[in-house]
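Asks: Take this structure, written in structure tokens, and hold onto it; I'll ask about it next.
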Amino acid sequence: MNKVSQAPPRVQRVSTDNAPKATRASIIGGLVGVFIELYDNAVYGFVAGTLAVVFFPSDAPTTSVLLTFLAFAIPFFFRPLGAAVAGSWGDRIGRKRVLLVLITMMSLSTALVGFLPSYAVAGVWAPIALVLLRFIQGFSMGGEPGNGNSFLAEHAGEGRRGRVVSYANAATFIAMLLGTLFAALLTAVLSSSSMETWGWRLPFLLALPLGVVGLTIRRMADESPEFAEAEKEGRVTGSPLREALASRETRRAMGTTIVLPLLNSSGYFILFIYMPSFMKDEMHFSALEGLLVTAIMLAVGTFAVLYAGRLSDRVGRKRMLSTSAFTMVVIGFPCYWLLTRGSFATATVGAVLMSLCFAGTNGVMQVTLAELFPTRVRTVAYGVGYNLGTAVFGGAAPLLVAALIAATGSTWIPAIYLVLTSAVAGVAALRIHETAFEPLKR
């Protein structure tokens with residue numbers, strides 16, 4: 001086992017400047033899908049307050065918000081199903097074909113949300129239609145991480161997997177930043193009535209042209225060289241999920257994919273999805289101020305995840321993950337205290353510091369999970385484990401936190417949740433085997 005205190009072995013570096021165009025197209029194709037997945041998912045959180053009025057009208061605003069976040073959370077429990085089905089397809093027929101199907105499903109289901117009638121027009125059928133479309137989103141989102149990040153890691157080459165997969169992590173930040181800025185722009189220029197009547201639809205409708213662009217780029221990509229080699233050598237299995245579950249080593253690795261990303265899951269949904277609503281409803285900032293704080297966090301995080309991925313190729317995944325998690329444990333409460341001061345400036349400082357800790361985990365997490373599994377079961381084993389943890393600790397986080405705040409009256413619930421999940425993730429990071437300096441498992 002490699003120890004992080006030892007000098008890492010020398011590995012071959014591959015220059016992206018001299019990479020074949022097909023390889024660059026493949027990498028960009030992988031990034032586009034991740035970008036659209038996170039944009040589509042983030043938009044829901046950014047306009048959650050408006051959706052609460054449009055689809056779940058109630059005399060009690062807290063009830064409307066809880067119902068909105070319930071609609072946000074339910075599809076996450078379909079993500080493991082999407083991971084199992086799409087991951088099995090990816091391990092059997094190849095990553096590229098599955099990624100084309102997933103980006104089509106995600107883009108269409110998100111765009112259709114923008115065409116839905118309101119509760120005032122369609123009654124109870126409006127929220128039912130919203131939840132059904134969220135189910136489709138959940139299925140496609142479940143299949144994306146295992147297929148998309150495995151696709152990138154397998155294209156990256158030795159010595160730069162952290163760097164290449166971190167591009168996807170940066171794409172998630174840029175996607176969320178685009179959604180935040182779009183929502184902030186709409187909030188700034190539209191009245192509340194206009195936002196509730198038609199303005200909320202625009203971010204969802206943007207998913208359609210984004211999907212067309214993403215589908216076009218993905219069609220230009222090459223199949224993963226690791227999968228192509230496995231297929232040529234007859235190492236592709238007909239039952240990837242069954243084989244993954246039959247192996248004790250793989251089952252243990254799947255357990256790691258549930259626990260290790262705890263900070264990644266809780267941090268994403270607390271800091272970037274729930275934060276705008278929390279700052280407005282609990283901290284009494286304006287809606288625009290909440291969105292701007294989130295936008296600043298995302299802008300800083302974009303560069304931080306790129307640096308984290310590149311650095312992990314030099315110092316290892318284990319060191320990066322454990323350091324980020326335990327740093328969040330230390331600074332979580334002080335930074336959160338800054339959020340509660342009622343000052344935009346201090347709130348921004350606290351949020352940015354937490355965003356940097358999150359970026360240290362986020363920039364390294366996906367490549368680490370891809371490196372845990374052999375090619376023949378990588379997408380399904382990675383996808384199922386990761387999405388189980390994301391569903392429980394991430395997708396349900398806004399609902400859980402909002403419910404606990406309503407029940408206890410304590411606005412410190414998000415900080416407690418972040419610190420606890422960070423502590424567990426840090427311990428899990430200390431127990432993993434270092435994978436940065438080894439070839440991908442075959």
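In the structure tokens, chains take letters A, B, ... by order of appearance, with residues numbered from 1 within each chain and ligands from 1 in the order shown.
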Residues near range 304-309 of chain A, anyone? I mean within 7 Å using only C-alpha atoms, not counting same-chain ones fewer than 4 positions away, as a PyMOL selection string.

Replies: chain A and resi 162-163+166-167+169-170+300+313+356+359-360+362-364

Asks: Taking N, CA and C atoms for each residue, export the selection above as a CSV table (one decimal), in the first residue's frame.

Replies:
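As written to disk, again-v5.csv reads:
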```csv
chain,number,residue,atom,x,y,z
A,162,GLY,N,-6.8,12.7,-12.0
A,162,GLY,CA,-7.4,13.7,-11.1
A,162,GLY,C,-7.6,15.0,-11.8
A,163,ARG,N,-6.7,15.4,-12.6
A,163,ARG,CA,-6.8,16.6,-13.4
A,163,ARG,C,-8.0,16.6,-14.3
A,166,SER,N,-11.4,16.3,-12.6
A,166,SER,CA,-11.7,17.6,-12.0
A,166,SER,C,-12.4,18.6,-12.9
A,167,TYR,N,-12.1,18.4,-14.2
A,167,TYR,CA,-12.8,19.3,-15.2
A,167,TYR,C,-14.3,19.1,-15.1
A,169,ASN,N,-15.9,18.2,-12.3
A,169,ASN,CA,-16.3,18.8,-11.1
A,169,ASN,C,-16.4,20.4,-11.3
A,170,ALA,N,-15.4,20.9,-12.0
A,170,ALA,CA,-15.5,22.4,-12.3
A,170,ALA,C,-16.8,22.7,-13.2
A,300,VAL,N,-15.6,30.9,-6.8
A,300,VAL,CA,-14.3,30.5,-6.1
A,300,VAL,C,-14.1,29.0,-6.2
A,313,ASP,N,-3.2,14.4,-8.1
A,313,ASP,CA,-2.3,13.6,-8.9
A,313,ASP,C,-0.9,13.6,-8.4
A,356,LEU,N,-14.5,26.4,-0.1
A,356,LEU,CA,-13.2,25.9,-0.4
A,356,LEU,C,-12.9,24.5,0.2
A,359,ALA,N,-14.7,22.1,-2.0
A,359,ALA,CA,-14.0,22.0,-3.2
A,359,ALA,C,-12.9,21.0,-3.1
A,360,GLY,N,-12.2,21.0,-2.0
A,360,GLY,CA,-11.1,20.0,-1.8
A,360,GLY,C,-11.6,18.6,-1.8
A,362,ASN,N,-14.8,17.7,-3.4
A,362,ASN,CA,-15.4,17.6,-4.6
A,362,ASN,C,-14.5,17.4,-5.8
A,363,GLY,N,-13.4,18.1,-5.8
A,363,GLY,CA,-12.4,18.0,-6.9
A,363,GLY,C,-11.7,16.7,-7.0
A,364,VAL,N,-11.8,15.8,-6.0
A,364,VAL,CA,-11.1,14.6,-5.9
A,364,VAL,C,-12.0,13.4,-5.8
```

Asks: Enumerate as a ChimeraX atom specification all residues of range 186-425 of chain A assigned to alpha helix (DSSP H) by DSSP on the backbone, naming them with the chain letters and numbers the document uses.

Replies: /A:186-189,192-194,201-205,207-219,225-232,240-246,248-259,262-267,275-281,287-315,317-339,344-370,378-390,397-408,413-425

Asks: I'd like the contact shell of range 69-75 of chain A - 6 Å cut-off, only C-alpha atoms, skipping same-chain residues fewer than 4 positions apart - returned as a list in words.

Replies: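 The neighbour list is Val131, Arg134, Phe135, Gly138, Gly395, Ala396 and Leu399 of chain A.
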
Asks: Write out, as an mmCIF file, in the first residue's frame, the residues just selected, with N, CA, C and O atoms.

Replies:
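After the write, selection_39.cif holds the following:
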```cif
data_model
loop_
_atom_site.group_PDB
_atom_site.id
_atom_site.type_symbol
_atom_site.label_atom_id
_atom_site.label_comp_id
_atom_site.auth_asym_id
_atom_site.auth_seq_id
_atom_site.Cartn_x
_atom_site.Cartn_y
_atom_site.Cartn_z
ATOM 1 N N VAL A 131 -43.680 15.960 -10.139
ATOM 2 C CA VAL A 131 -43.001 14.843 -9.487
ATOM 3 C C VAL A 131 -42.664 13.743 -10.496
ATOM 4 O O VAL A 131 -41.575 13.143 -10.452
ATOM 5 N N ARG A 134 -39.697 14.753 -12.313
ATOM 6 C CA ARG A 134 -38.557 14.633 -11.409
ATOM 7 C C ARG A 134 -38.105 13.175 -11.292
ATOM 8 O O ARG A 134 -36.914 12.905 -11.111
ATOM 9 N N PHE A 135 -39.027 12.220 -11.414
ATOM 10 C CA PHE A 135 -38.642 10.807 -11.407
ATOM 11 C C PHE A 135 -37.728 10.501 -12.595
ATOM 12 O O PHE A 135 -36.721 9.795 -12.458
ATOM 13 N N GLY A 138 -34.449 11.903 -11.946
ATOM 14 C CA GLY A 138 -33.729 11.091 -10.975
ATOM 15 C C GLY A 138 -33.108 9.859 -11.607
ATOM 16 O O GLY A 138 -31.969 9.500 -11.298
ATOM 17 N N GLY A 395 -29.861 14.173 -1.356
ATOM 18 C CA GLY A 395 -31.161 14.578 -1.881
ATOM 19 C C GLY A 395 -32.176 14.877 -0.798
ATOM 20 O O GLY A 395 -33.008 15.783 -0.943
ATOM 21 N N ALA A 396 -32.096 14.124 0.302
ATOM 22 C CA ALA A 396 -33.041 14.353 1.394
ATOM 23 C C ALA A 396 -32.583 15.472 2.326
ATOM 24 O O ALA A 396 -33.347 15.870 3.222
ATOM 25 N N LEU A 399 -34.830 18.752 2.629
ATOM 26 C CA LEU A 399 -36.081 18.426 3.310
ATOM 27 C C LEU A 399 -35.836 18.180 4.800
ATOM 28 O O LEU A 399 -36.554 18.706 5.659
#
```

Asks: Please provide as a list in words all residues within 7 Å of range 81-85 of chain A, with the sequence filter that same-chain residues fewer than 4 positions apart are discarded (counting only C-alpha atoms).

Replies: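 Counting only C-alpha atoms, the residues come to Trp89, Phe139, Ser140, Gly142, Gly143, Val380, Gly383, Val384 and Asn387 of chain A.
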
Asks: Let's have the selection written as an mmCIF file, in the first residue's frame, with C-alpha atoms.

Replies:
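Everything below was put into result_6.cif:
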```cif
data_model
loop_
_atom_site.group_PDB
_atom_site.id
_atom_site.type_symbol
_atom_site.label_atom_id
_atom_site.label_comp_id
_atom_site.auth_asym_id
_atom_site.auth_seq_id
_atom_site.Cartn_x
_atom_site.Cartn_y
_atom_site.Cartn_z
ATOM 1 C CA TRP A 89 -25.849 -1.008 -19.683
ATOM 2 C CA PHE A 139 -33.297 8.025 -13.186
ATOM 3 C CA SER A 140 -31.041 9.830 -15.647
ATOM 4 C CA GLY A 142 -28.511 8.162 -11.300
ATOM 5 C CA GLY A 143 -26.907 6.797 -14.437
ATOM 6 C CA VAL A 380 -22.645 -0.079 -12.103
ATOM 7 C CA GLY A 383 -23.016 4.339 -9.663
ATOM 8 C CA VAL A 384 -25.143 2.243 -7.299
ATOM 9 C CA ASN A 387 -26.276 7.184 -5.614
#
```

Asks: For a quick check of understanding, using only C-alpha atoms, which of A:Leu130, A:Ala345, A:Ala423, A:Val392 has the smallest distance to Gly290 in chain A?

Replies: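 So, comparing all the options, the nearest one is A:Ala345.
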
Asks: Do you know which residues are at most 12 Å from Val401 in chain A counting only C-alpha atoms, after dropping those on the same chain fewer than 6 positions away, and could you put them as an mmCIF file with C-alpha atoms, in the first residue's frame?

Replies:
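Output below, filename result-v1.cif:
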```
data_model
loop_
_atom_site.group_PDB
_atom_site.id
_atom_site.type_symbol
_atom_site.label_atom_id
_atom_site.label_comp_id
_atom_site.auth_asym_id
_atom_site.auth_seq_id
_atom_site.Cartn_x
_atom_site.Cartn_y
_atom_site.Cartn_z
ATOM 1 C CA VAL A 65 -41.412 25.006 1.088
ATOM 2 C CA LEU A 66 -41.368 21.566 2.729
ATOM 3 C CA PHE A 69 -38.194 20.113 -1.114
ATOM 4 C CA LEU A 70 -40.093 16.834 -0.771
ATOM 5 C CA ALA A 73 -35.948 14.715 -2.575
ATOM 6 C CA SER A 266 -24.268 17.188 2.218
ATOM 7 C CA PHE A 269 -27.087 20.318 -1.212
ATOM 8 C CA ILE A 270 -26.668 22.448 1.908
ATOM 9 C CA LEU A 271 -24.251 25.044 0.540
ATOM 10 C CA ILE A 273 -29.175 24.193 -3.180
ATOM 11 C CA TYR A 274 -30.600 24.933 0.250
ATOM 12 C CA MET A 275 -28.518 28.029 1.058
ATOM 13 C CA SER A 277 -33.778 29.604 0.541
ATOM 14 C CA PHE A 278 -32.203 29.416 4.013
ATOM 15 C CA GLU A 282 -34.308 32.063 8.098
ATOM 16 C CA PHE A 393 -27.517 12.059 2.722
ATOM 17 C CA GLY A 394 -27.796 14.535 -0.151
ATOM 18 C CA GLY A 395 -31.161 14.578 -1.881
ATOM 19 C CA ALA A 407 -39.488 21.457 14.539
ATOM 20 C CA THR A 408 -36.698 22.866 16.738
ATOM 21 C CA GLY A 409 -36.562 26.515 15.781
ATOM 22 C CA SER A 410 -32.757 26.242 15.619
ATOM 23 C CA THR A 411 -31.088 27.801 12.601
ATOM 24 C CA TRP A 412 -27.871 25.909 13.428
ATOM 25 C CA ILE A 413 -29.224 22.651 12.000
ATOM 26 C CA PRO A 414 -27.422 23.025 8.607
ATOM 27 C CA ALA A 415 -24.069 23.570 10.354
ATOM 28 C CA ILE A 416 -24.566 20.543 12.601
ATOM 29 C CA TYR A 417 -25.437 18.408 9.589
ATOM 30 C CA LEU A 418 -22.368 19.581 7.659
#
```

Asks: Between A:Thr216, A:Thr187, A:Ser118, A:Thr50, which is the closest to Leu100 in chain A once you count only C-alpha atoms?

Replies: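 Looking at the shortest contact to Leu100 in chain A, the residue is A:Thr216.
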
Asks: A:Tyr382, A:Phe115, A:Phe333, A:Tyr39: which is nearest Pro240 in chain A, counting only C-alpha atoms?

Replies: A:Tyr382

Asks: Rank nothing, just name the residue among A:Ala120, A:Val113, A:Val236, A:Leu181 nearest to Leu208 in chain A, using only C-alpha atoms.

Replies: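 Nearest to Leu208 in chain A: A:Val113.
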
Asks: Do a neighbour search on Leu353 in chain A at 10 Å with only C-alpha atoms, toss out local chain neighbours closer than 3 positions, and write the hits as a PyMOL selection string.

Replies: chain A and resi 297+300-301+328+331-332+335-336+348-350+356-359

Asks: With distances taken over only C-alpha atoms, which residue among A:Thr368, A:Thr237, A:Ser355, A:Ser192 lies nearest Ser312 in chain A?

Replies: A:Thr368

Asks: Counting only C-alpha atoms, figure out which residue out of A:Leu404, A:Val121, A:Ala381, A:Ala436 gets nearest to Ser88 in chain A.

Replies: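 Closest residue, counting only C-alpha atoms: A:Ala381.
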